[in-house]
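Working notes for the structure below.
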Amino acid sequence: MPRRRFWLLSVIAIAILSTTILLLSYNNNNQSLARAQDNTNNNFSKKNIVGGHTPGYGILETSGDVLDPISLNVTIKDAVVDPMKYLREFNYGRVSELPNGTTLREFTLVASDDKVKEISPGVFYNVWTFNGTIPGPTLRATEGDLIRINFINNGSKSHTIHTHGIHKAEMDGVFETIGAGGRFTYEFTAEPFGVFPYHCHMQPLEEHITHGLYGVYIVDPKTPRPPADEMVMVMNGYDTDFDTENNFYTVNGIPYYYMHHPIQIEEDRLVRIYLVNMLEFDPINNFHLHANLYQLYRSGTSLVPHEYTDMVTMSQGERGILEFKYKFPGQYMFHAHKTEFAEKGWMGLFLVKDMTSSSGGQVYNSTPTANNMAATVYSQGQPLAQKRGGDI
Amino acid sequence: MPRRRFWLLSVIAIAILSTTILLLSYNNNNQSLARAQDNTNNNFSKKNIVGGHTPGYGILETSGDVLDPISLNVTIKDAVVDPMKYLREFNYGRVSELPNGTTLREFTLVASDDKVKEISPGVFYNVWTFNGTIPGPTLRATEGDLIRINFINNGSKSHTIHTHGIHKAEMDGVFETIGAGGRFTYEFTAEPFGVFPYHCHMQPLEEHITHGLYGVYIVDPKTPRPPADEMVMVMNGYDTDFDTENNFYTVNGIPYYYMHHPIQIEEDRLVRIYLVNMLEFDPINNFHLHANLYQLYRSGTSLVPHEYTDMVTMSQGERGILEFKYKFPGQYMFHAHKTEFAEKGWMGLFLVKDMTSSSGGQVYNSTPTANNMAATVYSQGQPLAQKRGGDI
Amino acid sequence: MPRRRFWLLSVIAIAILSTTILLLSYNNNNQSLARAQDNTNNNFSKKNIVGGHTPGYGILETSGDVLDPISLNVTIKDAVVDPMKYLREFNYGRVSELPNGTTLREFTLVASDDKVKEISPGVFYNVWTFNGTIPGPTLRATEGDLIRINFINNGSKSHTIHTHGIHKAEMDGVFETIGAGGRFTYEFTAEPFGVFPYHCHMQPLEEHITHGLYGVYIVDPKTPRPPADEMVMVMNGYDTDFDTENNFYTVNGIPYYYMHHPIQIEEDRLVRIYLVNMLEFDPINNFHLHANLYQLYRSGTSLVPHEYTDMVTMSQGERGILEFKYKFPGQYMFHAHKTEFAEKGWMGLFLVKDMTSSSGGQVYNSTPTANNMAATVYSQGQPLAQKRGGDI
């Protein structure tokens with residue numbers, strides 16, 4: 001302990017000395033980091049980057065004055081994703097039937113790596129995306145469908161699509177590098193049922209992940225899960241100063257977004273979240289639901305829940321399905337129970353609407369930032385089937 | 001790798017240079033950090049603190065020469081908690097019956113934030129507490145009871161009580177800030193059965209947690225679990241130099257306490273631990289039991305165990321019930337299997353007493369520090385009911 | 001955020017200044033770190049070590065130019081282990097029958113701490129081993145057998161054997177320190193069935209672990225698990241510069257080994273992996289299987305799987321059994337889904353052979369580094385018994 005304190009004091013003293021010395025150079029740096037006036041693709045000069053990035057790998061520089069992300073909203077037109085649209089949007093592909101009766105679902109995913117988008121108020125970041133957003137589109141199919149993903153690499157680097165799930169080696173997106181301008185068609189049967197990440201698997205992997213090349217792929221069981229208000233949540237982060245530590249943490253791409261725009265759900269209505277952790281650098285992430293517990297289906301590969309809780313811990317690539325109902329109207333937080341992640345953006349709100357009031361969709365505790373989603377009346381959730389999935 | 005070594009050598013060299021320079025100032029600092037002579041509330045002047053603390057937030061300075069925590073004991077009268085008393089103490093509240101037959105349990109929790117207590121031999125820390133101890137009292141009820149918590153904020157900062165479990169939005173202790181001197185009555189039905197943390201939810205959250213505002217809340221199933229020697233264990237840490245890294249790790253508030261004071265249990269007697277992880281800053285914590293395995297009930301929300309193991313990993317807010325019996329007398333360690341945590345205090349001993357000897361409670365391997373708990377003869381544990389809890 | 005950037009720039013500036021100053025001393029250091037010409041035991045002088053090591057504890061200095069571990073192979077004769085031999089080697093002990101019909105299995109484990117072995121191409125490290133390898137030999141028995149481990153400490157430090165599982169206090173390898181040259185006989189009944197780590201439990205624990213004193217102990221259920229191609233995988237790391245951070249991550253002792261030497265398995269043949277995490281310093285480790293999912297039996301103490309997934313997270317000492325079949329031939333990765341670990345060596349390949357071709361064992365996608373393991377035809381895996389293990 002005394003030695004530890006000794007070192008600590010040393011480090012503090014060095015930092016104080018050096019910050020004094022550095023005041024001049026910092027002021028200069030600050031100007032060069034000033035917010036870019038134009039967020040189109042080509043007016044960012046490529047530079048070698050300090051920190052964890054491969055030298056000469058051509059990473060675009062992050063820009064932006066850091067504004068207060070709690071009190072300000074991003075402008076959706078510049079943002080890397082519209083989190084409210086992303087939340088409940090499922091892409092079922094272009095559907096046709098093969099001669100043998102199998103359903104074919106065709107998807108198109110286009111990779112790019114030169115966009116600069118707003119990821120937090122005032123912070124513009126070089127995003128690498130599938131179809132222009134972080135996370136990429138949610139692909140959805142039913143067990144046994146034939147999946148065809150037409151992959152177009154419009155980026156300047158090599159990229160691939162690696163999907164968790166069962167498929168042939170040559171469809172795994174690891175050794176089949178797709179160069180700039182290249183194309184590849186991934187084809188495989190949707191199996192098993194569950195929730196899976198898909199992501200680029202090119203080296204250096206942490207750059208392709210931390211810049212945003214991932215999304216969610218859902219395989220429904222043949223007998224569908226009970227009706228529910230379904231949504232997708234991806235936990236991620238952004239390392240905007242390239243020091244291999246995240247500066248922002250989010251669910252669905254933008255820090256604090258669902259604090260400004262609470263997710264409206266209905267009293268006594270089953271909610272089902274497809275949750276995936278794609279956080280780079282940090283060893284784990286987690287999900288805490290307030291004033292409630294959820295049934296947790298790890299990896300989504302079972303029809304009987306593994307646990308009834310309000311906390312789940314996931315390392316990168318882990319995922320699950322969370323099911324719950326709120327029986328009281330009001331506003332409820334959900335967030336990482338790793339305090340640092342929560343306080344750097346990974347928190348949100350559910351706004352539970354009182355469905356028993358005369359208006360049939362009265363907002364209990366309205367907020368000025370609440371989005372104007374229509375109050376649809378859903379049917380009630382049903383009891384779960386008693387089948388455990390994925391037996392060999 | 002060569003670059004990494006290069007940097008490492010640089011950092012070492014800087015540290016060596018600067019520690020030489022700092023020898024003078026360190027000696028001065030050391031005197032100002034000397035052990036306070038009087039540990040009452042008001043003789044610590046409030047200062048702005050370096051490190052992770054909010055500037056001007058009024059954190060009291062930690063003091064004390066760091067003594068050898070393995071060879072020395074804390075003095076219980078100055079200590080932040082009596083871990084042996086805390087271990088098996090359950091607060092069932094003031095009980096009455098409502099006209100509709102429901103059991104009402106009333107608790108009083110008083111927050112304070114100005115106490116300075118001994119958390120390890122010679123180390124005095126500004127503790128923020130519920131009812132004066134870290135962890136706060138263990139609240140216990142049965143599923144379906146009405147819980148009423150009279151909360152009195154005697155601190156100088158705002159505080160709340162956020163309980164994991166099911167309740168109304170306005171009872172969640174998040175948006176209803178209770179200012180200095182304020183009072184609030186939390187009321188909710190105890191559901192579901194399980195083990196839960198309660199904690200202050202004020203921002204900046206990591207300060208309210210790392211200073212000690214948390215405890216355990218147990219909801220028993222209506223059909224009680226089988227008889228057992230029941231105990232509560234909370235895993236926590238202390239960041240005494242405010243660098244957002246823990247300097248001490250403990251189970252039940254004081255590092256190494258149960259190494260000096262082994263927990264006496266009985267051969268072949270079912271032990272049930274209600275385990276909660278409230279460790280701030282570190283991503284995970286874990287619990288290893290020596291020479292035995294335990295049945296693990298994650299979150300305590302099931303009556304059938306999830307796993308039979310000697311290791312469980314929990315991120316902050318995760319918890320569970322552990323059940324086991326020792327069939328051989330003797331002394332057995334339990335500790336974090338994260339070596340750093342164990343070696344900074346998170347380790348303890350079970351002393352399993354030989355119940356078959358003529359004295360009916362012979363201590364197999366006595367230690368001079370063993371506490372003088374009476375050897376009660378309990379009845380044998382019974383088989384577990386086959387009900388899975390918490391279905392929606 | 002601005003303050004964070006300020007500090008970051010300060011730290012970078014200090015490092016730039018100091019590295020310039022240090023160029024001279026670094027060059028000198030580099031020569032003293034040059035690869036040792038002779039890797040026998042005694043020509044390394046003992047020095048006090050910087051970083052996390054106990055002063056005067058006599059740790060041998062790591063040596064070696066760091067070569068490219070991806071493009072180069074270790075020479076097995078100098079290596080700390082032959083990972084291909086280790087993979088499928090089970091030590092069932094010297095077997096005899098006691099008068100009461102119990103099977104006695106006797107093992108001999110010899111600890112040493114003065115060997116210097118190649119752990120990655122060009123990197124020689126002071127390894128502390130059981131029977132000369134990292135990991136030590138895999139001990140295997142059946143539930144109910146009597147285990148006798150004759151432990152010989154040929155090291156210069158004290159060591160013990162601490163086995164996870166059920167046994168008497170005096171067989172736990174914690175308080176019974178075995179000094180240099182000492183011997184001890186551990187004796188206990190093999191219970192319960194499952195997969196367990198064994199490791200030295202001497203303080204400072206992280207040194208005994210990080211230097212290599214661990215292995216795997218398997219207890220088979222009385223009714224054996226279905227036939228399978230069984231293998232053992234231990235996840236570990238090496239801190240070669242003693243800064244309490246790992247420089248290399250591996251499965252089975254040598255970074256990238258199974259990338260050069262893919263593990264040959266057969267199409268449609270059940271594979272069973274006994275997986276143990278012994279990684280020191282990092283909070284968690286994990287295991288991702290490509291293009292497939294596995295049935296996960298946490299701690300190996302159940303005959304029904306806990307989860308069907310391609311990702312499991314384990315903190316130190318956690319372990320499990322993984323079962324899967326590949327239905328398509330080809331080459332498939334398995335690796336940590338913590339990118340840093342993967343890119344520092346914790347990755348490997350399965351080479352799934354096409355068993356339906358005329359040759360009866362055709363290698364689908366041969367590599368020049370593939371090992372020459374004979375293609376044995378195994379019988380098909382059988383359905384799992386429906387018994388949950390480990391009930392109290």
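Naming scheme: A, B, ... for chains in displayed order of the structure tokens; residues 1 onward per chain; ligands 1 onward as shown.
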Report as a list in words all protein, DNA and RNA residues lying within 7 Å of Val74 of chain A, evaluated on only C-alpha atoms, omitting residues in the same chain fewer than 3 positions from it.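 The contact residues come out as Ala79, Ser120 and Pro121 of chain A.
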Can you write out the residues you just picked, keeping N, CA and C atoms, as a PDB file, in the first residue's frame?
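Output contents, as saved in result.pdb:
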```pdb
ATOM      1  N   ALA A  79     -27.430  11.863 -37.836  1.00  0.00           N
ATOM      2  CA  ALA A  79     -27.045  10.824 -36.872  1.00  0.00           C
ATOM      3  C   ALA A  79     -26.763   9.499 -37.560  1.00  0.00           C
ATOM      4  N   SER A 120     -23.092  11.448 -31.065  1.00  0.00           N
ATOM      5  CA  SER A 120     -23.511  12.082 -29.811  1.00  0.00           C
ATOM      6  C   SER A 120     -23.546  13.572 -30.128  1.00  0.00           C
ATOM      7  N   PRO A 121     -24.343  14.371 -29.445  1.00  0.00           N
ATOM      8  CA  PRO A 121     -24.454  15.774 -29.834  1.00  0.00           C
ATOM      9  C   PRO A 121     -23.082  16.435 -30.004  1.00  0.00           C
TER      10      PRO A 121
END
```
Return as number ranges by chain the full set of residues in segment 183-248 of chain A whose backbone-based DSSP assignment is strand (DSSP E or B). A: 183-189, 194-199, 214-220, 229-238, 248
How about saving the chosen residues, N, CA, C and O atoms kept, as a short mmCIF file (atom, residue, chain, number, x, y, z; two decimals), in the first residue's frame?
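Heads up, here's the output in selection.cif:
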```
data_model
loop_
_atom_site.label_atom_id
_atom_site.label_comp_id
_atom_site.auth_asym_id
_atom_site.auth_seq_id
_atom_site.Cartn_x
_atom_site.Cartn_y
_atom_site.Cartn_z
N ARG A 183 -17.82 -8.23 -54.22
CA ARG A 183 -19.15 -8.72 -53.86
C ARG A 183 -19.06 -10.18 -53.47
O ARG A 183 -18.14 -10.89 -53.89
N PHE A 184 -20.00 -10.63 -52.67
CA PHE A 184 -20.03 -12.04 -52.27
C PHE A 184 -21.46 -12.37 -51.89
O PHE A 184 -22.17 -11.53 -51.32
N THR A 185 -21.87 -13.58 -52.22
CA THR A 185 -23.21 -14.01 -51.80
C THR A 185 -23.07 -15.09 -50.73
O THR A 185 -22.50 -16.15 -50.97
N TYR A 186 -23.56 -14.78 -49.56
CA TYR A 186 -23.59 -15.75 -48.46
C TYR A 186 -24.90 -16.51 -48.53
O TYR A 186 -25.96 -15.90 -48.71
N GLU A 187 -24.84 -17.82 -48.41
CA GLU A 187 -26.07 -18.60 -48.48
C GLU A 187 -26.03 -19.71 -47.43
O GLU A 187 -25.04 -20.45 -47.35
N PHE A 188 -27.06 -19.82 -46.64
CA PHE A 188 -27.12 -20.86 -45.62
C PHE A 188 -28.54 -21.01 -45.12
O PHE A 188 -29.39 -20.13 -45.32
N THR A 189 -28.80 -22.15 -44.49
CA THR A 189 -30.11 -22.40 -43.88
C THR A 189 -30.15 -21.72 -42.51
O THR A 189 -29.17 -21.77 -41.76
N GLY A 194 -32.91 -18.64 -32.61
CA GLY A 194 -32.15 -17.91 -31.60
C GLY A 194 -31.88 -16.49 -32.05
O GLY A 194 -32.39 -16.05 -33.08
N VAL A 195 -31.10 -15.77 -31.26
CA VAL A 195 -30.69 -14.43 -31.64
C VAL A 195 -29.16 -14.41 -31.76
O VAL A 195 -28.47 -15.03 -30.95
N PHE A 196 -28.66 -13.80 -32.83
CA PHE A 196 -27.24 -13.89 -33.17
C PHE A 196 -26.70 -12.53 -33.60
O PHE A 196 -27.42 -11.75 -34.21
N PRO A 197 -25.44 -12.26 -33.32
CA PRO A 197 -24.84 -11.10 -33.97
C PRO A 197 -24.33 -11.49 -35.36
O PRO A 197 -24.01 -12.65 -35.61
N TYR A 198 -24.29 -10.52 -36.27
CA TYR A 198 -23.44 -10.66 -37.48
C TYR A 198 -22.47 -9.49 -37.45
O TYR A 198 -22.79 -8.43 -36.92
N HIS A 199 -21.28 -9.72 -37.95
CA HIS A 199 -20.28 -8.64 -37.93
C HIS A 199 -19.17 -8.91 -38.92
O HIS A 199 -19.01 -10.05 -39.37
N TYR A 214 -21.61 -4.19 -37.50
CA TYR A 214 -22.32 -5.29 -36.86
C TYR A 214 -23.82 -5.02 -36.87
O TYR A 214 -24.27 -3.88 -37.07
N GLY A 215 -24.56 -6.10 -36.63
CA GLY A 215 -26.01 -6.01 -36.55
C GLY A 215 -26.55 -7.29 -35.95
O GLY A 215 -25.78 -8.15 -35.49
N VAL A 216 -27.86 -7.42 -35.96
CA VAL A 216 -28.53 -8.55 -35.32
C VAL A 216 -29.25 -9.40 -36.35
O VAL A 216 -29.83 -8.88 -37.31
N TYR A 217 -29.20 -10.70 -36.13
CA TYR A 217 -29.85 -11.69 -37.00
C TYR A 217 -30.70 -12.58 -36.10
O TYR A 217 -30.19 -13.18 -35.16
N ILE A 218 -32.01 -12.60 -36.36
CA ILE A 218 -32.94 -13.35 -35.53
C ILE A 218 -33.50 -14.53 -36.32
O ILE A 218 -33.93 -14.35 -37.46
N VAL A 219 -33.49 -15.70 -35.73
CA VAL A 219 -34.14 -16.87 -36.32
C VAL A 219 -35.29 -17.26 -35.40
O VAL A 219 -35.08 -17.67 -34.26
N ASP A 220 -36.51 -17.13 -35.92
CA ASP A 220 -37.69 -17.51 -35.14
C ASP A 220 -37.87 -19.02 -35.17
O ASP A 220 -37.59 -19.67 -36.18
N ASP A 229 -44.78 -7.08 -27.91
CA ASP A 229 -44.20 -5.84 -28.45
C ASP A 229 -42.70 -6.10 -28.56
O ASP A 229 -41.98 -6.05 -27.56
N GLU A 230 -42.21 -6.40 -29.75
CA GLU A 230 -40.84 -6.85 -29.92
C GLU A 230 -39.90 -5.71 -30.29
O GLU A 230 -40.27 -4.82 -31.07
N MET A 231 -38.71 -5.77 -29.75
CA MET A 231 -37.72 -4.74 -30.06
C MET A 231 -36.31 -5.33 -30.01
O MET A 231 -36.09 -6.39 -29.43
N VAL A 232 -35.40 -4.62 -30.67
CA VAL A 232 -34.01 -5.06 -30.72
C VAL A 232 -33.16 -4.03 -29.99
O VAL A 232 -33.37 -2.83 -30.14
N MET A 233 -32.23 -4.51 -29.17
CA MET A 233 -31.29 -3.60 -28.51
C MET A 233 -29.88 -4.14 -28.66
O MET A 233 -29.60 -5.29 -28.32
N VAL A 234 -29.01 -3.29 -29.18
CA VAL A 234 -27.60 -3.62 -29.31
C VAL A 234 -26.82 -2.70 -28.38
O VAL A 234 -26.96 -1.48 -28.43
N MET A 235 -26.01 -3.31 -27.51
CA MET A 235 -25.16 -2.52 -26.62
C MET A 235 -23.80 -2.35 -27.31
O MET A 235 -23.20 -3.33 -27.74
N ASN A 236 -23.37 -1.09 -27.43
CA ASN A 236 -22.06 -0.85 -28.07
C ASN A 236 -21.34 0.30 -27.41
O ASN A 236 -21.74 0.81 -26.37
N GLY A 237 -20.25 0.75 -28.02
CA GLY A 237 -19.49 1.88 -27.51
C GLY A 237 -18.72 2.51 -28.65
O GLY A 237 -18.65 1.95 -29.76
N TYR A 238 -18.16 3.69 -28.40
CA TYR A 238 -17.32 4.37 -29.39
C TYR A 238 -16.04 4.84 -28.73
O TYR A 238 -16.07 5.49 -27.68
N PHE A 248 -17.88 6.65 -25.28
CA PHE A 248 -19.34 6.66 -25.22
C PHE A 248 -19.84 5.23 -25.17
O PHE A 248 -19.26 4.35 -25.81
#
```
Kindly assemble as a tab-separated table a list of the chain B residues that lie within 7 Å of chain C, each paired with its nearest atom pair and their distance in Å to one decimal, using only C-alpha atoms, sorted first by chain and then by ascending residue number.
```
residue	atom	partner	partner_atom	distance
B:Met1	CA	C:Val66	CA	6.7
B:Ser10	CA	C:Thr19	CA	5.6
B:Ile14	CA	C:Ser18	CA	6.9
B:Ile284	CA	C:Pro283	CA	6.6
B:His290	CA	C:His164	CA	6.9
B:Ala291	CA	C:Ile166	CA	4.6
B:Asn292	CA	C:Ile166	CA	4.5
B:Leu293	CA	C:Gly165	CA	6.6
B:Tyr308	CA	C:Gly390	CA	5.9
B:Thr309	CA	C:Ser299	CA	6.0
B:Met311	CA	C:Glu318	CA	6.1
B:Thr313	CA	C:Ser315	CA	6.4
B:Phe328	CA	C:Lys168	CA	5.7
B:Gly330	CA	C:Ala169	CA	5.4
B:Gln331	CA	C:Ala169	CA	6.0
B:Tyr332	CA	C:Ala169	CA	6.1
B:His337	CA	C:Gln316	CA	6.0
B:Lys338	CA	C:Gln316	CA	6.5
B:Thr339	CA	C:Glu206	CA	6.1
```
May I have all residues of segment 243-360 of chain A that DSSP, computed from the backbone, assigns to helix (DSSP H, G or I), given as JSON, numbers by chain? {"A": [257, 258, 259, 260, 339, 340, 341, 342, 343]}
Interatomic distance, atom CA of Thr223 of chain B to atom CA of Gly101 of chain B (Å, one decimal):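 These two atoms are separated by 17.3 Å.
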At a cut-off of 8 Å, using only C-alpha atoms, what residues contact Val110 of chain B? Leave out same-chain residues fewer than 2 positions from it and give the result as a list in words.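 Counting only the stated atoms, we get Thr108, Ser112, Thr129, Phe130, Asn131, Gly132, Phe151, Ile152, Asn153 and Asn154 of chain B.
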Need the shell around segment 85-91 of chain C: protein/DNA/RNA residues with any atom at most 12 Å away, counting only C-alpha atoms. Skip same-chain ones fewer than 2 positions apart. Format as a compact mmCIF listing (two decimals) with N, CA and C atoms, in the first residue's frame?
```txt
# COMPACT_ATOMS: atom_id res chain seq x y z
N ILE C 76 8.92 -27.76 -30.94
CA ILE C 76 8.30 -28.50 -29.83
C ILE C 76 9.31 -28.97 -28.79
N VAL C 80 7.07 -25.32 -24.01
CA VAL C 80 6.58 -25.62 -22.67
C VAL C 80 5.59 -26.79 -22.69
N VAL C 81 5.04 -27.09 -23.86
CA VAL C 81 4.10 -28.19 -23.97
C VAL C 81 3.98 -28.54 -25.45
N ASP C 82 3.61 -29.77 -25.75
CA ASP C 82 3.22 -30.13 -27.11
C ASP C 82 1.70 -30.06 -27.14
N PRO C 83 1.13 -28.97 -27.65
CA PRO C 83 -0.32 -28.78 -27.53
C PRO C 83 -1.13 -29.88 -28.21
N GLY C 93 -3.99 -42.55 -14.22
CA GLY C 93 -3.27 -42.97 -13.01
C GLY C 93 -2.91 -44.45 -13.04
N ARG C 94 -2.18 -44.86 -11.99
CA ARG C 94 -1.86 -46.26 -11.79
C ARG C 94 -3.05 -46.88 -11.07
N VAL C 95 -3.70 -47.87 -11.68
CA VAL C 95 -4.99 -48.35 -11.17
C VAL C 95 -4.83 -49.64 -10.38
N ARG C 105 -6.74 -44.86 -7.75
CA ARG C 105 -5.93 -44.30 -8.85
C ARG C 105 -4.81 -43.46 -8.25
N GLU C 106 -3.58 -43.83 -8.55
CA GLU C 106 -2.43 -43.11 -8.01
C GLU C 106 -1.76 -42.29 -9.10
N PHE C 107 -1.52 -41.04 -8.79
CA PHE C 107 -0.86 -40.11 -9.71
C PHE C 107 0.39 -39.56 -9.04
N THR C 108 1.35 -39.16 -9.83
CA THR C 108 2.52 -38.46 -9.30
C THR C 108 2.65 -37.12 -9.99
N LEU C 109 2.69 -36.07 -9.20
CA LEU C 109 2.88 -34.73 -9.75
C LEU C 109 4.14 -34.13 -9.14
N ASN C 131 4.92 -31.60 -13.59
CA ASN C 131 5.41 -32.59 -14.55
C ASN C 131 5.95 -31.97 -15.84
N THR C 133 5.12 -29.39 -17.86
CA THR C 133 4.36 -28.74 -18.93
C THR C 133 3.36 -27.72 -18.37
N ILE C 134 2.98 -26.76 -19.21
CA ILE C 134 1.85 -25.85 -18.94
C ILE C 134 0.84 -26.05 -20.04
N PRO C 135 -0.35 -26.52 -19.73
CA PRO C 135 -0.84 -26.95 -18.41
C PRO C 135 -0.21 -28.28 -18.00
N GLY C 136 -0.35 -28.61 -16.70
CA GLY C 136 0.08 -29.91 -16.22
C GLY C 136 -0.80 -31.01 -16.78
N PRO C 137 -0.46 -32.27 -16.46
CA PRO C 137 -1.21 -33.40 -17.01
C PRO C 137 -2.69 -33.39 -16.59
N THR C 138 -3.53 -33.91 -17.47
CA THR C 138 -4.97 -34.03 -17.17
C THR C 138 -5.21 -35.31 -16.38
N LEU C 139 -5.64 -35.15 -15.13
CA LEU C 139 -5.95 -36.31 -14.28
C LEU C 139 -7.40 -36.69 -14.50
N ARG C 140 -7.65 -38.00 -14.59
CA ARG C 140 -9.02 -38.42 -14.88
C ARG C 140 -9.42 -39.63 -14.05
N ALA C 141 -10.62 -39.61 -13.54
CA ALA C 141 -11.11 -40.69 -12.68
C ALA C 141 -12.61 -40.81 -12.85
N GLY C 215 -3.59 -27.38 -13.86
CA GLY C 215 -3.98 -28.41 -14.82
C GLY C 215 -5.44 -28.74 -14.61
N VAL C 216 -5.89 -29.80 -15.30
CA VAL C 216 -7.30 -30.15 -15.30
C VAL C 216 -7.50 -31.52 -14.67
N TYR C 217 -8.57 -31.63 -13.91
CA TYR C 217 -8.93 -32.88 -13.23
C TYR C 217 -10.38 -33.17 -13.61
N ILE C 218 -10.61 -34.34 -14.23
CA ILE C 218 -11.94 -34.71 -14.72
C ILE C 218 -12.47 -35.88 -13.90
N VAL C 219 -13.71 -35.75 -13.44
CA VAL C 219 -14.38 -36.88 -12.79
C VAL C 219 -15.56 -37.30 -13.68
N ASP C 220 -15.46 -38.50 -14.21
CA ASP C 220 -16.54 -39.02 -15.05
C ASP C 220 -17.69 -39.51 -14.18
N ALA C 228 -17.36 -39.92 -27.62
CA ALA C 228 -17.10 -38.67 -28.35
C ALA C 228 -15.61 -38.55 -28.58
N ASP C 229 -15.23 -37.65 -29.46
CA ASP C 229 -13.83 -37.28 -29.64
C ASP C 229 -13.54 -36.24 -28.55
N GLU C 230 -12.90 -36.69 -27.48
CA GLU C 230 -12.75 -35.84 -26.30
C GLU C 230 -11.43 -35.09 -26.30
N MET C 231 -11.47 -33.87 -25.83
CA MET C 231 -10.25 -33.08 -25.73
C MET C 231 -10.33 -32.11 -24.56
N VAL C 232 -9.16 -31.65 -24.15
CA VAL C 232 -9.06 -30.71 -23.02
C VAL C 232 -8.53 -29.39 -23.55
N MET C 233 -9.12 -28.30 -23.12
CA MET C 233 -8.60 -26.99 -23.46
C MET C 233 -8.52 -26.13 -22.21
N VAL C 234 -7.33 -25.59 -22.00
CA VAL C 234 -7.11 -24.67 -20.89
C VAL C 234 -6.78 -23.30 -21.48
N VAL C 251 -4.72 -20.99 -25.85
CA VAL C 251 -5.43 -22.17 -25.41
C VAL C 251 -4.41 -23.30 -25.49
N ASN C 252 -4.21 -24.00 -24.39
CA ASN C 252 -3.24 -25.10 -24.29
C ASN C 252 -1.80 -24.67 -24.47
N GLY C 253 -1.46 -23.53 -23.96
CA GLY C 253 -0.07 -23.20 -23.64
C GLY C 253 0.75 -22.42 -24.65
N ILE C 254 0.41 -22.46 -25.93
CA ILE C 254 1.23 -21.78 -26.94
C ILE C 254 0.33 -20.96 -27.85
N TYR C 257 -1.02 -21.77 -31.69
CA TYR C 257 -0.53 -23.08 -32.09
C TYR C 257 -1.51 -23.81 -33.01
N TYR C 258 -2.78 -23.81 -32.63
CA TYR C 258 -3.76 -24.55 -33.43
C TYR C 258 -4.16 -23.79 -34.71
N HIS C 261 -1.51 -25.62 -36.66
CA HIS C 261 -1.78 -27.06 -36.57
C HIS C 261 -3.24 -27.26 -36.25
N PRO C 262 -4.11 -27.11 -37.25
CA PRO C 262 -5.55 -27.24 -36.97
C PRO C 262 -5.87 -28.58 -36.32
N ILE C 263 -6.83 -28.58 -35.45
CA ILE C 263 -7.26 -29.80 -34.77
C ILE C 263 -8.18 -30.55 -35.71
N GLN C 264 -7.77 -31.76 -36.10
CA GLN C 264 -8.57 -32.52 -37.05
C GLN C 264 -9.70 -33.24 -36.33
N ILE C 265 -10.90 -33.00 -36.78
CA ILE C 265 -12.06 -33.71 -36.25
C ILE C 265 -12.88 -34.23 -37.43
N VAL C 271 -17.98 -34.07 -30.69
CA VAL C 271 -16.75 -33.58 -30.05
C VAL C 271 -17.11 -33.11 -28.65
N ARG C 272 -16.28 -33.45 -27.68
CA ARG C 272 -16.51 -33.01 -26.30
C ARG C 272 -15.25 -32.33 -25.79
N ILE C 273 -15.38 -31.06 -25.44
CA ILE C 273 -14.25 -30.29 -24.92
C ILE C 273 -14.43 -30.06 -23.43
N TYR C 274 -13.42 -30.43 -22.66
CA TYR C 274 -13.35 -30.07 -21.25
C TYR C 274 -12.58 -28.75 -21.17
N LEU C 275 -13.30 -27.67 -20.93
CA LEU C 275 -12.74 -26.32 -21.02
C LEU C 275 -12.56 -25.71 -19.64
N ASN C 371 -1.28 -31.48 -38.56
CA ASN C 371 -0.54 -32.60 -37.95
C ASN C 371 -1.00 -33.92 -38.58
N ASN C 372 -0.25 -34.94 -38.37
CA ASN C 372 -0.50 -36.19 -39.09
C ASN C 372 -1.25 -37.22 -38.25
N MET C 373 -2.24 -36.73 -37.54
CA MET C 373 -3.07 -37.62 -36.71
C MET C 373 -3.83 -38.61 -37.60
```
